[in-house]
Every structure is written in structure tokens, then in C-alpha cells.
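One structure is given below, encoded as C-alpha cells.
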There are 2 protein chains.
Amino acid sequence: MSGKYDLGLEKNDANYTQLSPLTFIERAASVFPRRTSLIHGDTRYTWKETFERSRRLASALVKLGIEKGDTVAVMAPNIPAHYEAHFGVPATGGVLNSLNIRQDPGSIAFILEHGEAKALIADREYSEVIHKALNMLDRDLLVIDIDDPLGKRGEPVGGTTYEEFLNTGDADFTWRGPDDEWDAISLNYTSGTTGNPKGVVYHHRGAYLNALGNIIAWGMTGCPVYLWTLPMFHCNGWCFTWSMAALAGTSVCLRHFDAKKIFSSISEHRVTHLCGAPVVMNMIINSKVEERSAFGHRVNFMAAAAAPPAAVLERIEKMGFGVTHAYGLTETYGPAALCEWHSEWDELPPVERSMMKARQGVRYTVEEGLTIGDQETCKPVPSDAETIGEALFRGNIVMKGYLKNPAATEEAFSGGWFHTGDLGVMHPDGYIEIKDRSKDIIISGGENISTLEVESVLYRHPGVLEAAVVARPDAEWGETPCAFVTLKTGAEETKEKEIIEFCRARLAHFKCPKTVVFTELPKTSTGKIQKYVLREMVRKL
Amino acid sequence: MSGKYDLGLEKNDANYTQLSPLTFIERAASVFPRRTSLIHGDTRYTWKETFERSRRLASALVKLGIEKGDTVAVMAPNIPAHYEAHFGVPATGGVLNSLNIRQDPGSIAFILEHGEAKALIADREYSEVIHKALNMLDRDLLVIDIDDPLGKRGEPVGGTTYEEFLNTGDADFTWRGPDDEWDAISLNYTSGTTGNPKGVVYHHRGAYLNALGNIIAWGMTGCPVYLWTLPMFHCNGWCFTWSMAALAGTSVCLRHFDAKKIFSSISEHRVTHLCGAPVVMNMIINSKVEERSAFGHRVNFMAAAAAPPAAVLERIEKMGFGVTHAYGLTETYGPAALCEWHSEWDELPPVERSMMKARQGVRYTVEEGLTIGDQETCKPVPSDAETIGEALFRGNIVMKGYLKNPAATEEAFSGGWFHTGDLGVMHPDGYIEIKDRSKDIIISGGENISTLEVESVLYRHPGVLEAAVVARPDAEWGETPCAFVTLKTGAEETKEKEIIEFCRARLAHFKCPKTVVFTELPKTSTGKIQKYVLREMVRKL
């Protein structure tokens, strides 16, 4: 069309800017220069300082030769340097590759190789792992050591420290956005329970939109104080790194944490928001009384990565946390759906309330589509809360694709939707509920059994700390549910039979575990239970 | 670049959607189908119904032959039909042209002609004006009559009513976004104090972004209840039409209003938000006690169009309103800047607090640039709170341009910035303050006098209801300030000399009015004082 609404109405410098979260920090530094951006131990930075340090970082990287499309890797916990990299690296035109700090040298080497990192900024706590990883690489890589007095410090790997490196940069570096909002901003490798990890590429447009999407989804206003219990290497902290700049809020950094640290941070800094996987929730709930500090305000907790069992939700809310249940994957910039709450649900009995909240819900305002569809055709399943299909996303907060992996990218996007690999149902009210990972579902006597459903019952047992259910091959039924259970320390002795009876009182009998194993649960570096390890254990039973 | 971060990582249906506020109503209807979308007298619509009615409207318009790039005009007050048009018209690919209901037949005819409207949806209250306007047009135009029982109803102009028209549409009409987010969504004519009005073209991308920008700027959360004191024909209700869909909030419609209606609506519907020009503030402040209904909650008022004088701000806040001062123009989708508040300013003495708040402030998070620059070169003036320059915007919430007016478009965008025509200063903290319209500033003995500054002093006089200051030609000084003042009814008799003395006690003497005229102030249809009329009156003094 070149009708009257287009002629002479082209894009120009005045009326069009490429979307990028880089504009947020510029605004934060200009409007709230003296407001605290980051708290790290006794260190405080203001937004003016964080912006200056990010500009120095960008400038120093450019002087080093980093240019558009170059990868810069960071191996660091939730500390100011890692936060600064979320702005300083993309401001060069480069792409930030935050590494999972719990990964082994082999995986690190694979990622540095596959992502073609030109430089690595690494905290000295991980010097040993980095050193081993670099020995596996068949090329040299420039390493900048983060020398954090609050961390354990191994042998330096590179020849320069992060602070020295910043000093080589110019605080007046010209801050500029991307040439195109579709340009890559970051690279996040999936944890990949099997096979090599895949490199998920984010673009500036998506990062900008989900940073705003988080604010709207969670109703964040004013100057929030955000506690970094969620790793920044996890989907760029679910894009909250950028959301905090958009709001000029205050981030409370944490190298490591336990229940005591969470409570003392909340109490000392008046934390308003934190995010985390169920493991963080469990840490809070199962904290000892002497680990808890008092706080008088309501704290907002965004839970994702796995549906929090009803019993867990119920208990954490009683402790002063308001829980928002979100859902997403690395491929969707972190949270891209949430259980949007209806005020009338407040009136439901506790168990029903928790059941409503345990649903993954509806698309973010900035995501354009979410459905449960047929895995092949993408055709939506009936909204009957029963028919199992795959959770499918589409819209602006879906990744650009997998780096150097066109086959996986094409497969993930087949039929015009992003395939999550998660199986679920569509409720009559349009809310989705995830029942299982595609490969986790149990088929017993032809019936689908959601392991999540069985687990949520196990979590209601007073003696159970953690639980996971997987399929056990069975001559008669094909498969039967096998439960792996960790008991609370000090819990009364609990027998297999008692657990099974507890389930039978609350579930259809075919869904109840036929076997119960009491053990510690194996977890990935991001705290997800490794069901494939459990499946291997089952084979040996 | 076609490096590793682009190869095989193209846009596709799964990972890219054109930005459009049309996705908001789809989500509101799906997630909150039973929540009240619109309140109009005793009528209540739910989001499900509003979406259905918008789809019917779109379908009916398509059946009529409306297609991409066609203009559909609406002449209506703040009623459900007007709200529905904000979704139903763009969903056809057409462009919504909301007409100022206070305009004369000649202007309406000009706009219908210039905008090439294919259809007009008009409330019967304006039948007479529409009839006259149509007689001036040299072509036929399809008219649909809105037959609102709450309004005065003139003779029908068209052959069909709005409700009949909706019935010709299909509630299952396929809802779809624009082909390109740069496509036009609406056409808003500037009120134009002189010459023919200019047609400002908005696109889907800008409407989407400013709808979210409003939410973030104002900290809107949950289910806001928005009172429509601001006309929907004014920058599409400053994009709040679309913001309310993004939040699935509740809109309280108003055909006409006075102080009594504002208070009773706030009290009855627990209104949380309303917007308006200073005229609305004055209406609230100067209301009689018997016109006020009690309300126990804080109401958020977004004020723009002209800086509220300090005295006015102070008084309305005491009445239970929290005031956010925003700034923008038709060309910037309504508000594109706001006086972002710092909590430490709460501690300032009242007059200083008001002075801080009277500043227009900083760019919206979704706008990318705002400065005070040289009118020719766009070079920023010093941040000294004194040097006068022009307010300049750039970014994604700047219009596409003026319809069929490439010369005006080019002039408005010269130097890569949108030229507002407003003159102001940059404070050391990066906040802008508008001193005057370019043509309003008074130059007396070589000194610039901000008429806004003089007016803000006049408003502090206890007897003054409204005030406006313009230049009076003067043989000695070039120009001197001339004040036009409306006294409050029942105020003590006030003389010219007393007003001048009042100003001299509070302002540099060269800034004080040399002449005071007591009179009613002439206003535009949007409530702005018409200074050009006052200037004509001055010439006759």
C-alpha cells in the first residue's frame, strides 16, 4: 500500500527508534541519578554510577576490538559486574552470553566454542573450572577476572581485573542502541538434560518488551527493591535485569543465599520483590525459626520453572509472601505467561485457591499467543481441562532461534508456534495447566498420568520435603508411577505403604505410586529435578 | 550483517507479531470475560461483550466495503460506541478519525473532506451540526446514527442506527492485527487556533507502546476504574482507550460532566483514575460543598495540556486527589513526558513542592528523547533553568506525520526532532519546564517574560478564578504583559491596581501586568484558552 496514510509519512529519526532496553538505563541515570541501583554487601551504587560503569565497560570492550555480533561471555553470580554486563556488552553491538556458574568445565568449553566468545569476564570463585575449560579450548581467549572481596578468590586466569579493565574505558562513551531491534542482545544456553545445550538467541525488541511485560504482569510501581535469588544467567534474570532499569528500582545482589540471607535481606532492605524456582520457596518454607528475620510488609514472590504444589503455595502465603505464578522457558525470555488472578478467587477455600493459582494461566500482555495444541498440527485441544496437548507460544517474546542450529530452530517453530515440549490442558476459562514435560508423562493401562498431579499430592504429606514421580516399566500396565521422596529432617519415620495409602485417599488409584523410594533427589545446576537420572535409577530397581 | 546471529534466525509467525493495541482487547475478553468494561448510566458491558460488539462493528464495516487505509469518522461523546470504535475500526484495516464534538459545521466538513472519510458514526446530539457539515460536502457519505437514550436526540441523519448496524455484523469476525505495525490506526486533527487543522496520523506501534507507557508512567495496576472526563476524541483519550483494554480495567463513560457528576461518579464507582486539562481541575476545586460526594480513597488525577498553577495543585491534592503532571501534544499520542516524582520532594514546603510538580519533567519510558533545544539547530540549551529553547521530542510515540501535508511534516521533524512549538528551559536535574508557546512569549525591554509564570502568580490571588496573560504592544518597551482575569462568583470586588500590586509583591517588576482586564476567557472546544482572541482584544484597548 502506498496510499494517503503512507505517502510522505515514512520513518525518520524523530518518529522511530529501534526498541532496546539500553534506553532504560540512560533514563534511570538521567532521572534518578542518586537513587541506589545496586546493593552488594556494604557497597552501594547509584544509577549514575551504574550507567557510568556500564559505559566504561562498553568503551573498554570496543577498545579491545569487540564489535557488532561478537559474543562476550560472563561467568559470575548475581553481583554488580554481572548486572553491568547486561548493558555494557550490548551497547558495543556485542551479545551477552551469561554462563551457568554450576556447569562443569566440559560444558563451559563447549559453550565458549559454540558461541564463539571473544572475551570472558569471570569471577575468581570459578577460576579452577574456567582454567580447565580453557585448557579444553583449542584457541586463546581473553579473560577478565572479577575480583570480588565478598567471594572466594581462586588464582587469576587472565592478566587484568574487571576494575582495571573498566578504568581503560571512557565514562563518556557514546551510548547507542542497536542498528535494528531484531539484532541479537544475548545468548542463553538451555541446561539440556540430554545432549549438547542449545544456544537461545534473544533480540533487543524482545528484551525491551518483556522488561515492560514483567512490570505490567506483576503490577510493579514506584521504586521496587528486588532481591536477586534468581540467577542473572537464567534468561538474563527473566529480563528483570532490564525491568529494574526501566523502573530505576534497587537491586539487592546475592552471591549465594540460604533462608537466613533471604530473610535478613528482606528485613534490612525492605525487599518488595523476588523470583525463584520452587527450590527457593521450599527454602523459605522449611527455614528454621531462628533463621527468620521479621518483616512487616508484604513481599511479592514470582514463582516459575515448575508449578508450586498447592500445599507449598498455601504455606508461603501465610508467611507474608504474595505469590504470582508465572510460566515460561529460556526460549520465551523467561516468564511469558502468568496465572492472572481474579479477586473473586480470594474467597475460595484454601485448597481450591491454591489449585487455581497452581495453573500456569494466560499469556503475558506483551506475548501474543498461548494455547494447548496438537503437537503435530498445532490445532487447539478442547477447553475441557482434560485433553492433553502441547503448550504453544507465539509472539514477540519468543526467541530469535537457536544459534547455528537451523534444524532445531525449524522444529521448535513448526506450524507457526513455538513448541515448549510441555504437556498440559486447557481449562474452560482459557487458563492452561501444565501436566508434564512431554517425556515425563506416564501412560498406565492406556491412561495418561500427570506426574505433577501425583507430586502435588505427595507434597501435601506432612513428612515430605521433596518428591518426584517417574514411570516404571511394568509388564502388565506398560508403566506405573514410581515416587522418589526426600523426607524432612526430623520427620517421623514414614513407610512406603503409608505414602501409597496417603495418595490413594486423594487420587484415582491408577494414578498412585506403586513404588516409593526414599532418597535425595538429583538436581540440575538451576535446581530442576533431573528426572532422567531417576529413570535410570528405576531401571535398576 | 548476516553473521551467526542472523543466519537461520529470521522472523516467522512464531516469533514475530506486529505490535498493535488490538491484541489487548482480545486478551481482556479472554482472561476477564465477565469483568465490567464499560459503565454508561445504568448500562454495564463486560469485556466479552465489548469485544463482541467491536467485532460486530468491524464485520459490519467490512461488509459495507471499508478496507485497509479507509477513514471512518466518529462524532460522539465518551460513550460505549466511541470506545468500541477504537477497536472495531482499526480491526478492518481502517483508520479511526474521532471528531471534536464542539467543532462547527465548516471545520467538520473540512475534516471529512480532507480525511476522505468513507463513513461517519455520529451521535444524534450533533445531528444539526452534522447535517450542516454534510451539506457543505460535495459528495455523499454514509452516516450511522448513534441513538443514545441518555443523550439529546436530534433528527436522524443516516438511514440506520448504530445498534442496527452492529446487528449486520458477525460476532465471530476474525480479529486480526495490522499487516505492519507502522500502518495507520487513527487520525486526529489538531484544534489549530489559526488556519486549517492538521491531520495527525498515529500508527499501531505507537498506540501499543503509549498504551503501555501510560500504565508504567502512572503506576496503574490491578483493575483500575477510569472516569472519562478527558474526551476520547482528544489523542484517542491520550491512548487510555487502549491502556484500559491492556489492563482489563473499567471505564466510566460520561456524555457531559460537571463537578457534581465527577464527585458522584468517584463516590459511586470508586473511580481510581481520571485525566483532564486544568479546566477539569478548576471545576473540582471551585465546586460548591453541596456538589461534592464523599469518597474515602485516593483518586489519581493526570493533568496535562497546560501546567497547573502551583496554587491549583496545592488545593486539589488537599481534596484527596494525587496529581501526576504529564505533558504532550496531539503529535506525541497525548502524554509523552511526565514530572516523575521523587519521594524526597514530599518533604518540601508546599509552594516548593508545587513548583517541582508544575514542571513538565522527563520523557516517558517508551519515548526515547526529550530536550530543550535551539529551534534551528536542535542543539540542547544549557541546563541552567534560564536559557529558553524549544521542547523537542523524538522516539516511538511521535506521530507518523501530518496527513497529505509533507511540507508541514518535514518542518515538524526538521533536524531529526519533533518540534513542539513550546518554549521552555532545562533545569539542572534534567527536568524541562515549559514557559510558553513559541508565539505566546512576551519580550519586554529585551527580557523574555513567561506568561505561564505570571499566570501562576495570578492564580494564587484568592479572588481569581481564571487568568491569561498576553503581550500588549508598547512604544517604550516593545511589549508589556496584559492580564485577562475572571473573578470567582461572590469574590470581593478586586481592582486592577490590587492585582498589579499582588504581582509586584511576588514577581520581578518588569514581569508584572501593566494592564488588567476583567472578563470571561474565550476557550477552544478542548478547553484551552484562546490567546489569539485575547491578542485581538488587546489591539482594540
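Labeling convention for the C-alpha cells: chains A, B, ... as they appear, residues from 1 per chain, ligands from 1 in order of appearance.
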For this session: Would you please give, as a list in words, all residues of segment 231-355 of chain B that DSSP assigns to strand (DSSP E) based on the backbone?
Result: Thr250, Ser251, Val252, His273, Leu274, Cys275, Gly276, Val299, Asn300, Phe301, Met302, Ala303, Phe321, Gly322, Val323, Thr324, His325, Ala326, Tyr327, Gly328, Leu329, Gly334, Pro335, Ala336, Ala337 and Leu338 of chain B
Restrict the calculation to only C-alpha atoms, then for each residue of chain A with any atom at most 8 Å from an atom of chain B give the closest atom pair and their distance in Å to one decimal, rows by chain and rising residue number, as a Markdown table.
| residue | atom | partner | partner_atom | distance |
| --- | --- | --- | --- | --- |
| A:Gly3 | CA | B:Gly69 | CA | 7.0 |
| A:Lys4 | CA | B:Lys404 | CA | 6.6 |
| A:Tyr5 | CA | B:Ala184 | CA | 6.2 |
| A:Asp6 | CA | B:Asp183 | CA | 7.7 |
| A:Leu7 | CA | B:Lys404 | CA | 7.6 |
| A:Gly8 | CA | B:Pro406 | CA | 5.5 |
| A:Leu9 | CA | B:Gly401 | CA | 5.3 |
| A:Glu10 | CA | B:Lys400 | CA | 7.0 |
| A:Lys11 | CA | B:Lys400 | CA | 7.2 |
| A:Asn12 | CA | B:Gly416 | CA | 7.1 |
| A:Asp13 | CA | B:Gly416 | CA | 4.8 |
| A:Ala14 | CA | B:Trp417 | CA | 4.4 |
| A:Asn15 | CA | B:Val398 | CA | 4.8 |
| A:Tyr16 | CA | B:Asn396 | CA | 4.9 |
| A:Thr17 | CA | B:Gly395 | CA | 5.3 |
| A:Thr23 | CA | B:Glu368 | CA | 6.9 |
| A:Phe24 | CA | B:Thr365 | CA | 7.0 |
| A:Arg27 | CA | B:Thr365 | CA | 7.5 |
| A:Ser30 | CA | B:Gly430 | CA | 6.7 |
| A:Val31 | CA | B:Gly430 | CA | 6.9 |
| A:Gly69 | CA | B:Tyr5 | CA | 6.5 |
| A:Asp183 | CA | B:Tyr5 | CA | 7.6 |
| A:Ala184 | CA | B:Tyr5 | CA | 6.2 |
| A:Val201 | CA | B:Tyr5 | CA | 7.5 |
| A:Leu212 | CA | B:Leu212 | CA | 7.9 |
| A:Ile215 | CA | B:Ile216 | CA | 7.6 |
| A:Ile216 | CA | B:Thr221 | CA | 7.3 |
| A:Gly219 | CA | B:Thr221 | CA | 5.0 |
| A:Met220 | CA | B:Gly219 | CA | 7.4 |
| A:Thr221 | CA | B:Gly219 | CA | 5.0 |
| A:Gly222 | CA | B:Gly219 | CA | 6.9 |
| A:Ala246 | CA | B:Thr365 | CA | 6.9 |
| A:Glu340 | CA | B:Val31 | CA | 7.8 |
| A:Val362 | CA | B:Val31 | CA | 7.2 |
| A:Thr365 | CA | B:Ala246 | CA | 6.8 |
| A:Glu368 | CA | B:Thr23 | CA | 7.0 |
| A:Phe393 | CA | B:Ala14 | CA | 7.1 |
| A:Arg394 | CA | B:Ala14 | CA | 4.4 |
| A:Gly395 | CA | B:Asn15 | CA | 5.0 |
| A:Asn396 | CA | B:Tyr16 | CA | 4.9 |
| A:Ile397 | CA | B:Asn15 | CA | 6.9 |
| A:Val398 | CA | B:Asn15 | CA | 4.8 |
| A:Met399 | CA | B:Asn15 | CA | 6.4 |
| A:Lys400 | CA | B:Leu9 | CA | 5.4 |
| A:Gly401 | CA | B:Leu9 | CA | 5.3 |
| A:Tyr402 | CA | B:Leu9 | CA | 7.5 |
| A:Leu403 | CA | B:Tyr5 | CA | 6.8 |
| A:Lys404 | CA | B:Lys4 | CA | 6.5 |
| A:Asn405 | CA | B:Gly8 | CA | 7.8 |
| A:Pro406 | CA | B:Gly8 | CA | 5.5 |
| A:Thr409 | CA | B:Gly8 | CA | 7.9 |
| A:Phe413 | CA | B:Ala14 | CA | 6.0 |
| A:Gly416 | CA | B:Ala14 | CA | 4.6 |
| A:Trp417 | CA | B:Ala14 | CA | 4.4 |
| A:Phe418 | CA | B:Ala14 | CA | 5.7 |
| A:Asp429 | CA | B:Val31 | CA | 7.5 |
| A:Gly430 | CA | B:Ser30 | CA | 6.7 |
| A:Tyr431 | CA | B:Val31 | CA | 7.9 |
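One finds atom CA of Leu99 of chain B at 7.7 Å from atom CA of Tyr189 of chain B.
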For this session: Please measure the separation of atom CA of Ser287 of chain A and atom CA of Arg315 of chain A, giving the value in Å to one decimal.
Result: 12.0 Å
Tell me which protein, DNA and RNA residues are within 6 Å of Ala391 of chain A, counting only C-alpha atoms, leaving out same-chain ones fewer than 3 positions away, and put them as a PDB file with C-alpha atoms, in the first residue's frame.
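Output file selection-v8.pdb is given in full below:
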ATOM      1  CA  THR A 371      -2.546 -22.298  23.601  1.00  0.00           C
ATOM      2  CA  ILE A 372      -2.608 -26.025  24.218  1.00  0.00           C
ATOM      3  CA  THR A 420       7.536 -25.890  24.526  1.00  0.00           C
ATOM      4  CA  ASP A 422       5.437 -29.204  27.968  1.00  0.00           C
ATOM      5  CA  LEU A 423       2.155 -31.071  28.044  1.00  0.00           C
TER       6      LEU A 423
END
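Note that atom CA of Met302 of chain A and atom CA of Ser54 of chain A are 27.5 Å apart.
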Exercise. Quick one: DSSP helix (DSSP H, G or I) residues in segment 198-274 of chain A, as a PyMOL selection string?
Worked result: chain A and resi 204-218+235-238+240-247+259-269
For this session: Tell me, as a PyMOL selection string, which residues lie within 6 Å of segment 290-301 of chain B, counting only C-alpha atoms; anything in the same chain fewer than 3 positions away does not count.
Result: chain B and resi 260+263-264+267+272-275+320-323
Problem set entry | For Asp258 of chain B: contacts at 12 Å, only C-alpha atoms, fewer than 2 positions along chain excluded, given as a list of chain:residue names | B:Thr229, B:Leu254, B:Arg255, B:His256, B:Lys260, B:Lys261, B:Ile262, B:Phe263, B:Ser264, B:Ser265, B:Val279, B:Val280, B:Met281, B:Asn282, B:Met283, B:Ile284, B:Ile285, B:Asn286, B:Ser287, B:Lys288, B:Glu291, B:Arg292
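Of the residues listed (A:Lys439, A:Lys63, A:Arg153, A:Lys495), A:Lys495 shows the shortest atom-to-atom separation from Phe518 of chain A; distances use only C-alpha atoms.
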